[in-house]
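Colleague: See work_33.cif below, with mmCIF, C-alpha atoms.
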data_work
#
loop_
_atom_site.label_atom_id
_atom_site.label_comp_id
_atom_site.auth_asym_id
_atom_site.auth_seq_id
_atom_site.Cartn_x
_atom_site.Cartn_y
_atom_site.Cartn_z
CA MET A 24 -31.73 37.19 -29.52
CA SER A 25 -33.62 39.87 -27.63
CA VAL A 26 -37.05 40.98 -28.78
CA GLN A 27 -36.54 44.33 -27.10
CA SER A 28 -34.60 47.24 -28.42
CA LYS A 29 -34.01 50.72 -27.07
CA HIS A 30 -34.88 52.07 -30.52
CA ARG A 31 -38.43 50.65 -30.45
CA SER A 32 -41.52 52.49 -29.31
CA PRO A 33 -43.33 51.16 -26.19
CA ALA A 34 -46.19 49.96 -28.44
CA ALA A 35 -43.77 48.01 -30.64
CA VAL A 36 -42.11 46.47 -27.58
CA ALA A 37 -45.51 45.47 -26.16
CA LEU A 38 -46.49 43.89 -29.49
CA ALA A 39 -43.21 41.98 -29.65
CA GLU A 40 -43.80 40.71 -26.11
CA ARG A 41 -47.34 39.56 -26.96
CA LYS A 42 -46.01 37.74 -30.02
CA ALA A 43 -43.26 36.13 -27.94
CA ARG A 44 -45.86 34.88 -25.42
CA SER A 45 -48.06 33.51 -28.18
CA ARG A 46 -45.10 31.73 -29.79
CA ALA A 47 -44.02 30.29 -26.44
CA TYR A 48 -47.53 28.86 -25.99
CA ILE A 49 -47.57 27.30 -29.47
CA ARG A 50 -44.11 25.86 -28.94
CA SER A 51 -45.33 24.17 -25.78
CA LEU A 52 -48.13 22.28 -27.58
CA PRO A 53 -47.78 18.55 -28.32
CA PRO A 54 -46.81 17.61 -31.92
CA GLU A 55 -50.36 16.38 -32.71
CA GLU A 56 -51.77 19.85 -32.02
CA LYS A 57 -48.96 21.53 -33.92
CA VAL A 58 -49.79 19.46 -37.02
CA ALA A 59 -53.48 20.33 -36.63
CA LEU A 60 -52.46 24.01 -36.47
CA LEU A 61 -50.25 23.55 -39.52
CA LEU A 62 -53.19 22.22 -41.51
CA ASN A 63 -55.32 25.19 -40.43
CA LEU A 64 -52.50 27.54 -41.33
CA ASN A 65 -52.17 25.94 -44.76
CA GLU A 66 -55.94 26.23 -45.32
CA GLN A 67 -55.84 29.92 -44.41
CA TYR A 68 -52.84 30.51 -46.66
CA TYR A 69 -54.57 28.73 -49.55
CA SER A 70 -57.70 30.86 -49.03
CA MET A 71 -55.54 33.97 -49.33
CA LEU A 72 -54.01 32.64 -52.54
CA GLU A 73 -57.51 31.96 -53.92
CA LEU A 74 -58.66 35.44 -53.00
CA ARG A 75 -55.60 36.98 -54.63
CA GLU A 76 -56.25 35.04 -57.84
CA ARG A 77 -59.96 35.93 -57.87
CA SER A 78 -59.02 39.58 -57.43
CA GLY A 79 -56.94 39.53 -60.60
CA GLY A 80 -53.60 38.94 -58.90
CA LYS A 81 -51.07 36.17 -59.42
CA PRO A 82 -52.46 32.68 -59.98
CA ILE A 83 -52.28 30.09 -57.22
CA PRO A 84 -48.85 28.44 -57.46
CA THR A 85 -48.87 24.92 -58.91
CA ARG A 86 -47.38 23.47 -55.72
CA TRP A 87 -50.30 24.82 -53.68
CA ARG A 88 -52.82 23.50 -56.21
CA LYS A 89 -51.24 20.08 -55.78
CA TRP A 90 -51.52 20.46 -52.00
CA ARG A 91 -55.23 21.31 -52.30
CA GLU A 92 -55.82 18.31 -54.54
CA ALA A 93 -54.01 15.98 -52.11
CA ARG A 94 -55.96 17.27 -49.09
CA SER A 95 -59.29 17.07 -50.94
CA ALA A 96 -58.63 13.42 -51.71
CA THR A 97 -58.28 12.62 -47.99
CA ARG A 98 -61.58 14.32 -47.17
CA GLN A 99 -63.38 11.91 -49.46
CA LYS A 100 -61.92 8.89 -47.67
CA PRO A 101 -62.63 7.93 -44.08
CA ASP A 102 -59.67 7.52 -41.73
CA ARG A 103 -58.26 4.05 -41.71
CA MET B 13 -57.97 13.61 -33.43
CA ASN B 14 -57.67 13.55 -37.22
CA VAL B 15 -54.44 15.37 -37.87
CA GLY B 16 -54.10 14.41 -41.48
CA ASN B 17 -52.86 10.87 -41.08
CA ILE B 18 -49.17 11.74 -40.75
CA GLY B 19 -48.80 8.42 -38.97
CA LEU B 20 -49.91 6.68 -42.19
CA LEU B 21 -47.18 8.46 -44.13
CA ILE B 22 -44.58 7.29 -41.60
CA SER B 23 -46.00 3.78 -41.81
CA GLU B 24 -45.43 3.80 -45.60
CA CYS B 25 -41.82 4.89 -45.01
CA GLU B 26 -41.43 1.98 -42.61
CA LYS B 27 -42.81 -0.37 -45.28
CA MET B 28 -40.21 0.95 -47.74
CA ARG B 29 -37.55 0.32 -45.14
CA ALA B 30 -38.80 -3.20 -44.41
CA ALA B 31 -38.83 -3.92 -48.15
CA GLY B 32 -35.16 -2.94 -48.39
CA ILE B 33 -35.84 0.07 -50.61
CA ILE B 34 -34.63 2.74 -48.22
CA ASP B 35 -32.42 2.59 -45.16
CA ARG B 36 -32.60 5.41 -42.64
CA TYR B 37 -34.82 8.41 -43.15
CA ALA B 38 -35.81 11.54 -41.27
CA ILE B 39 -38.22 14.43 -41.71
CA GLY B 40 -36.62 17.78 -42.49
CA GLY B 41 -37.66 21.21 -43.75
CA ALA B 42 -40.66 23.20 -42.58
CA PHE B 43 -42.51 20.10 -41.38
CA ALA B 44 -39.63 19.32 -39.03
CA ALA B 45 -39.78 22.92 -37.82
CA THR B 46 -43.50 22.43 -37.17
CA LEU B 47 -42.92 19.33 -35.07
CA LEU B 48 -39.98 20.69 -33.09
CA ASP B 49 -40.87 24.36 -32.86
CA GLU B 50 -43.98 26.00 -34.32
CA PRO B 51 -46.14 25.52 -37.44
CA ILE B 52 -44.86 27.04 -40.70
CA ALA B 53 -47.10 26.88 -43.77
CA THR B 54 -45.71 24.34 -46.23
CA VAL B 55 -47.05 22.27 -49.09
CA ASP B 56 -44.86 19.22 -48.59
CA VAL B 57 -43.18 16.87 -46.17
CA ASP B 58 -39.46 16.55 -46.93
CA ILE B 59 -38.24 13.03 -46.27
CA PHE B 60 -34.46 12.82 -46.35
CA PHE B 61 -33.38 9.23 -46.81
CA LEU B 62 -30.53 6.88 -47.64
CA PHE B 63 -30.99 4.08 -50.13
CA ALA B 64 -30.55 0.62 -48.63
CA LYS B 65 -28.28 -0.34 -51.53
CA GLU B 66 -25.74 1.92 -53.15
CA SER B 67 -26.61 2.88 -56.69
CA ALA B 68 -24.51 1.11 -59.31
CA GLY B 69 -24.60 4.01 -61.75
CA LEU B 70 -23.43 7.60 -61.53
CA VAL B 71 -26.94 8.95 -62.02
CA LEU B 72 -29.31 8.90 -59.06
CA ASP B 73 -31.99 6.31 -59.70
CA MET B 74 -35.21 7.00 -57.81
CA SER B 75 -37.13 4.25 -59.57
CA PRO B 76 -37.35 1.93 -56.50
CA ILE B 77 -39.28 4.70 -54.70
CA TYR B 78 -41.57 5.31 -57.67
CA ASP B 79 -42.10 1.58 -58.15
CA PHE B 80 -43.21 1.32 -54.52
CA ALA B 81 -45.59 4.25 -55.04
CA ARG B 82 -47.05 2.68 -58.17
CA GLU B 83 -47.49 -0.72 -56.55
CA ASN B 84 -49.29 0.84 -53.59
CA GLY B 85 -51.56 3.13 -55.58
CA PHE B 86 -49.88 6.44 -54.71
CA THR B 87 -49.82 8.94 -57.54
CA PHE B 88 -46.70 10.96 -58.20
CA ASP B 89 -45.10 13.48 -60.51
CA HIS B 90 -41.52 14.68 -60.89
CA GLU B 91 -41.73 16.51 -57.58
CA PHE B 92 -44.05 14.81 -55.09
CA ILE B 93 -45.54 11.47 -54.18
CA LYS B 94 -49.07 11.84 -52.88
CA ILE B 95 -49.34 9.60 -49.79
CA HIS B 96 -52.46 9.63 -47.61
CA GLY B 97 -53.13 13.31 -48.30
CA TRP B 98 -49.54 14.49 -47.92
CA LEU B 99 -47.23 15.64 -50.66
CA ALA B 100 -44.07 13.76 -49.80
CA GLN B 101 -40.79 14.81 -51.32
CA PHE B 102 -38.14 12.11 -51.02
CA VAL B 103 -34.64 13.57 -50.92
CA GLU B 104 -31.77 11.14 -51.40
CA SER B 105 -29.13 12.17 -48.89
CA GLY B 106 -26.21 9.81 -49.45
CA THR B 107 -24.03 12.15 -51.48
CA ASP B 108 -24.10 15.22 -49.25
CA PRO B 109 -22.08 14.70 -46.03
CA LEU B 110 -24.28 17.08 -44.03
CA TRP B 111 -27.54 15.50 -45.14
CA ARG B 112 -26.11 11.99 -44.69
CA ASP B 113 -25.04 12.67 -41.10
CA ALA B 114 -28.35 14.40 -40.38
CA VAL B 115 -30.30 11.33 -41.49
CA ARG B 116 -28.06 8.90 -39.61
CA ASP B 117 -28.87 10.31 -36.19
CA PRO B 118 -32.46 11.56 -36.07
CA GLN B 119 -34.47 12.63 -33.07
CA LEU B 120 -37.61 10.57 -32.44
CA VAL B 121 -40.74 12.63 -31.90
CA SER B 122 -43.66 10.81 -30.29
CA PHE B 123 -46.84 11.30 -32.25
CA GLY B 124 -49.76 9.31 -30.91
CA GLU B 125 -48.68 5.70 -31.24
CA THR B 126 -46.04 6.56 -33.83
CA SER B 127 -42.46 7.74 -33.47
CA ILE B 128 -41.45 10.14 -36.19
CA PRO B 129 -37.72 10.38 -37.01
CA VAL B 130 -36.94 14.09 -37.33
CA ILE B 131 -33.61 15.72 -38.19
CA ARG B 132 -32.02 17.18 -35.06
CA PRO B 133 -32.15 20.98 -34.62
CA SER B 134 -28.37 21.43 -34.92
CA PHE B 135 -28.44 19.70 -38.34
CA LEU B 136 -31.61 21.45 -39.47
CA VAL B 137 -30.09 24.90 -38.91
CA ALA B 138 -26.91 23.83 -40.75
CA MET B 139 -29.04 22.60 -43.67
CA TRP B 140 -30.97 25.88 -43.74
CA LEU B 141 -27.68 27.76 -43.64
CA GLN B 142 -26.56 25.69 -46.61
CA ALA B 143 -29.79 26.47 -48.53
CA GLY B 144 -29.40 30.14 -47.66
CA ARG B 145 -32.77 31.49 -48.82
CA ALA B 146 -34.49 34.25 -46.84
CA LYS B 147 -37.06 31.76 -45.50
CA ASP B 148 -34.25 29.45 -44.36
CA ILE B 149 -32.50 32.22 -42.45
CA GLU B 150 -35.89 33.05 -40.87
CA LYS B 151 -36.22 29.45 -39.67
CA ILE B 152 -32.72 29.63 -38.14
CA ALA B 153 -33.81 32.78 -36.29
CA ARG B 154 -36.91 31.00 -34.97
CA PHE B 155 -34.87 28.07 -33.68
CA ILE B 156 -32.42 30.38 -31.90
CA GLU B 157 -35.24 32.45 -30.46
CA GLY B 158 -37.04 29.31 -29.32
CA GLY B 159 -33.90 27.99 -27.61
CA LEU B 160 -33.72 24.88 -29.79
CA VAL B 161 -30.13 25.70 -30.74
CA THR B 162 -27.36 27.72 -29.13
CA ARG B 163 -24.24 29.33 -30.56
CA GLU B 164 -22.31 26.13 -29.73
CA ASP B 165 -24.55 24.10 -32.03
CA PHE B 166 -23.17 26.04 -34.99
CA SER B 167 -19.67 24.69 -34.32
CA ILE B 168 -20.49 21.86 -36.78
CA VAL B 169 -20.68 24.25 -39.74
CA ASP B 170 -16.89 24.19 -40.27
CA ALA B 171 -16.94 20.42 -40.74
CA TYR B 172 -19.42 20.80 -43.61
CA GLY B 173 -17.73 23.68 -45.41
CA LEU B 174 -20.25 26.28 -44.28
CA THR B 175 -17.88 28.64 -42.45
CA LEU B 176 -18.30 31.49 -44.95
CA GLU B 177 -22.08 31.16 -44.96
CA TRP B 178 -22.14 31.23 -41.16
CA ASN B 179 -19.79 34.22 -40.94
CA ARG B 180 -22.11 36.13 -43.28
CA VAL B 181 -25.15 35.82 -41.00
CA LYS B 182 -24.01 35.04 -37.45
CA ASP B 183 -23.95 38.68 -36.33
CA ARG B 184 -27.71 38.85 -36.93
CA PHE B 185 -28.21 36.24 -34.24
CA PHE B 186 -25.39 36.57 -31.75
CA GLN B 187 -23.63 39.73 -30.57
#
Please, can you express the file's structure as structure tokens?
Modeller:
Amino acid sequence: MSVQSKHRSPAAVALAERKARSRAYIRSLPPEEKVALLLNLNEQYYSMLELRERSGGKPIPTRWRKWREARSATRQKPDR
Amino acid sequence: MNVGNIGLLISECEKMRAAGIIDRYAIGGAFAATLLDEPIATVDVDIFFLFAKESAGLVLDMSPIYDFARENGFTFDHEFIKIHGWLAQFVESGTDPLWRDAVRDPQLVSFGETSIPVIRPSFLVAMWLQAGRAKDIEKIARFIEGGLVTREDFSIVDAYGLTLEWNRVKDRFFQ
């Protein structure tokens, strides 16, 4: 699948190329780093859900509340 | 590096296997995509598994899994078992031919001192095709873009009754 298209503006093509480079870098990381990135990504996503709820938007989905609760429990325990 | 003790989750799966509760298992879903490709936000870790013993009844009985959780102090609800900070979703895969074959031949991903059994890309994309939600089609696109699967990998879809589903979307990916 090509990221380029003759219908796209040069700026859009450049952006697509930057994204493709960034993705290629992330794909090249070892699994341990990918999981660390996943946890960061989840934290960021949860922060957005919190912000949305605080701003009067939809409540945080139950599944994400469960995720927060599970992660909080690990923070209280040292690694075995 | 503390990466959320995923190795501890795998170790609990191995204990279940050693105890004769489950047979083979493999990680699927967005967590598999994270390990093989790139991180995708997800609340849970999908663990596709086969029971070690066939169920005697017609109704799926997950109680051996919940008994293990209870005995080992892991809390659970109808959806997830909370294991070392992860929300694990155990998905019995013996009745679906695609899932069963996917679990039988996993790819081992080295993770520190642990090897994590992960569903192979060609099966993952077929499973996402079967699920058919927008986010599943997006994951298929990522795997094609990342070179994890080629057009030839989709030749298995016919064997699992997914020809129509594939015909509906294949032009998005391959000209």
Colleague: How far is it from atom CA of A:Leu61 to atom CA of B:Ile128, in Å with one decimal?
Modeller: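 Answer for the atom CA of A:Leu61 to atom CA of B:Ile128 separation: 16.4 Å.
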Colleague: Can you work out the spacing between atom CA of B:Arg163 and atom CA of B:Phe186 in Å, to one decimal?
Modeller: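 Computed distance, atom CA of B:Arg163 to atom CA of B:Phe186, equals 7.4 Å.
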Colleague: Report as a PyMOL selection string the residues that result from applying the PyMOL selection byres ((chain B and resi 80) around 12) to the structure here.
Modeller: chain B and resi 24-25+27-34+74-79+81-88+93+95
Colleague: Would you mind listing, for every residue of chain A within 6 Å of chain B, the two atoms forming the shortest contact and the distance between them in Å to one decimal, using only C-alpha atoms, sorted by chain and ascending residue number, as a tab-separated table?
Modeller:
residue	atom	partner	partner_atom	distance
A:Met24	CA	B:Phe185	CA	6.0
A:Arg50	CA	B:Asp49	CA	5.3
A:Pro54	CA	B:Leu47	CA	5.3
A:Ala59	CA	B:Val15	CA	5.2
A:Leu61	CA	B:Pro51	CA	5.0
A:Leu64	CA	B:Ala53	CA	6.0
A:Asn65	CA	B:Ala53	CA	5.3
A:Trp90	CA	B:Val55	CA	5.6
A:Ala93	CA	B:Gly97	CA	4.7
A:Arg94	CA	B:Gly97	CA	4.9
A:Thr97	CA	B:Gly97	CA	5.2
Colleague: Between A:Arg46, A:Lys81, A:Lys57, A:Arg31, which residue has the minimum interatomic distance to B:Ala44, considering all atoms listed in the file?
Modeller: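 The closest residue to B:Ala44 is A:Lys57.
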Colleague: Mind checking which residues fall within 12 Å of B:Gly144, counting only C-alpha atoms, ignoring those fewer than 5 positions away in the same chain, and posting them as a ChimeraX atom specification?
Modeller: /B:137-139,149-152,174,176-178,180-181
Colleague: What separation in Å, quoted to one decimal, exists between atom CA of A:Arg75 and atom CA of A:Arg91?
Modeller: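 Computed distance, atom CA of A:Arg75 to atom CA of A:Arg91, equals 15.8 Å.
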Colleague: Please enclose the listed atoms of stretch 81-88 of chain A in an axis-aligned box, pad each side by 8 Å, and write out the centre and the three edge lengths in Å, rounded to one decimal, as JSON.
Modeller:
{"center_x": -50.1, "center_y": 29.8, "center_z": -56.8, "size_x": 21.4, "size_y": 28.7, "size_z": 22.3}
Colleague: Kindly resolve the PyMOL selection byres ((chain B and resi 114) around 10) on the present coordinates and return the residues as a list in words.
Modeller: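 With the PyMOL selection byres ((chain B and resi 114) around 10) on this model, the match is Tyr37, Ala38, Ile39, Gly40, Phe60, Phe61, Ser105, Asp108, Pro109, Leu110, Trp111, Arg112, Asp113, Val115, Arg116, Asp117, Pro118, Gln119, Val130, Ile131, Arg132, Pro133, Ser134, Phe135, Leu136, Ala138 and Met139 of chain B.
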Colleague: Between A:Val58, A:Met71, A:Ile83, A:Ile49, single out the one closest to B:Gly19, counting only C-alpha atoms.
Modeller: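 Checking each of A:Val58, A:Met71, A:Ile83, A:Ile49 against B:Gly19, counting only C-alpha atoms, the winner is A:Val58.
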Colleague: Can you sort out stretch 27-50 of chain A so it carries N, CA and C atoms, written as a short mmCIF file (atom, residue, chain, number, x, y, z; two decimals), keeping the file's coordinate frame?
Modeller:
data_model
loop_
_atom_site.label_atom_id
_atom_site.label_comp_id
_atom_site.auth_asym_id
_atom_site.auth_seq_id
_atom_site.Cartn_x
_atom_site.Cartn_y
_atom_site.Cartn_z
N GLN A 27 -36.44 42.92 -27.48
CA GLN A 27 -36.54 44.33 -27.10
C GLN A 27 -35.39 45.12 -27.71
N SER A 28 -35.64 46.37 -27.93
CA SER A 28 -34.60 47.24 -28.42
C SER A 28 -34.87 48.64 -27.91
N LYS A 29 -33.81 49.36 -27.59
CA LYS A 29 -34.01 50.72 -27.07
C LYS A 29 -34.51 51.66 -28.16
N HIS A 30 -34.44 51.22 -29.42
CA HIS A 30 -34.88 52.07 -30.52
C HIS A 30 -36.37 51.90 -30.82
N ARG A 31 -37.01 50.92 -30.16
CA ARG A 31 -38.43 50.65 -30.45
C ARG A 31 -39.33 51.48 -29.56
N SER A 32 -40.52 51.78 -30.11
CA SER A 32 -41.52 52.49 -29.31
C SER A 32 -42.10 51.53 -28.28
N PRO A 33 -42.71 52.05 -27.19
CA PRO A 33 -43.33 51.16 -26.19
C PRO A 33 -44.39 50.25 -26.82
N ALA A 34 -45.15 50.78 -27.80
CA ALA A 34 -46.19 49.96 -28.44
C ALA A 34 -45.55 48.79 -29.20
N ALA A 35 -44.44 49.07 -29.88
CA ALA A 35 -43.77 48.01 -30.64
C ALA A 35 -43.19 46.96 -29.70
N VAL A 36 -42.67 47.41 -28.58
CA VAL A 36 -42.11 46.47 -27.58
C VAL A 36 -43.22 45.59 -27.01
N ALA A 37 -44.38 46.23 -26.71
CA ALA A 37 -45.51 45.47 -26.16
C ALA A 37 -46.00 44.43 -27.17
N LEU A 38 -46.06 44.82 -28.44
CA LEU A 38 -46.49 43.89 -29.49
C LEU A 38 -45.52 42.71 -29.60
N ALA A 39 -44.23 43.04 -29.57
CA ALA A 39 -43.21 41.98 -29.65
C ALA A 39 -43.35 41.02 -28.47
N GLU A 40 -43.65 41.56 -27.30
CA GLU A 40 -43.80 40.71 -26.11
C GLU A 40 -45.03 39.80 -26.23
N ARG A 41 -46.13 40.37 -26.77
CA ARG A 41 -47.34 39.56 -26.96
C ARG A 41 -47.06 38.42 -27.95
N LYS A 42 -46.34 38.76 -29.02
CA LYS A 42 -46.01 37.74 -30.02
C LYS A 42 -45.13 36.66 -29.41
N ALA A 43 -44.18 37.09 -28.58
CA ALA A 43 -43.26 36.13 -27.94
C ALA A 43 -44.05 35.19 -27.03
N ARG A 44 -45.04 35.72 -26.31
CA ARG A 44 -45.86 34.88 -25.42
C ARG A 44 -46.67 33.87 -26.23
N SER A 45 -47.25 34.37 -27.33
CA SER A 45 -48.06 33.51 -28.18
C SER A 45 -47.20 32.38 -28.77
N ARG A 46 -46.00 32.73 -29.22
CA ARG A 46 -45.10 31.73 -29.79
C ARG A 46 -44.69 30.71 -28.73
N ALA A 47 -44.43 31.19 -27.53
CA ALA A 47 -44.02 30.29 -26.44
C ALA A 47 -45.14 29.29 -26.17
N TYR A 48 -46.40 29.75 -26.21
CA TYR A 48 -47.53 28.86 -25.99
C TYR A 48 -47.59 27.79 -27.09
N ILE A 49 -47.49 28.25 -28.35
CA ILE A 49 -47.57 27.30 -29.47
C ILE A 49 -46.44 26.29 -29.41
N ARG A 50 -45.26 26.77 -29.03
CA ARG A 50 -44.11 25.86 -28.94
C ARG A 50 -44.30 24.79 -27.86
#
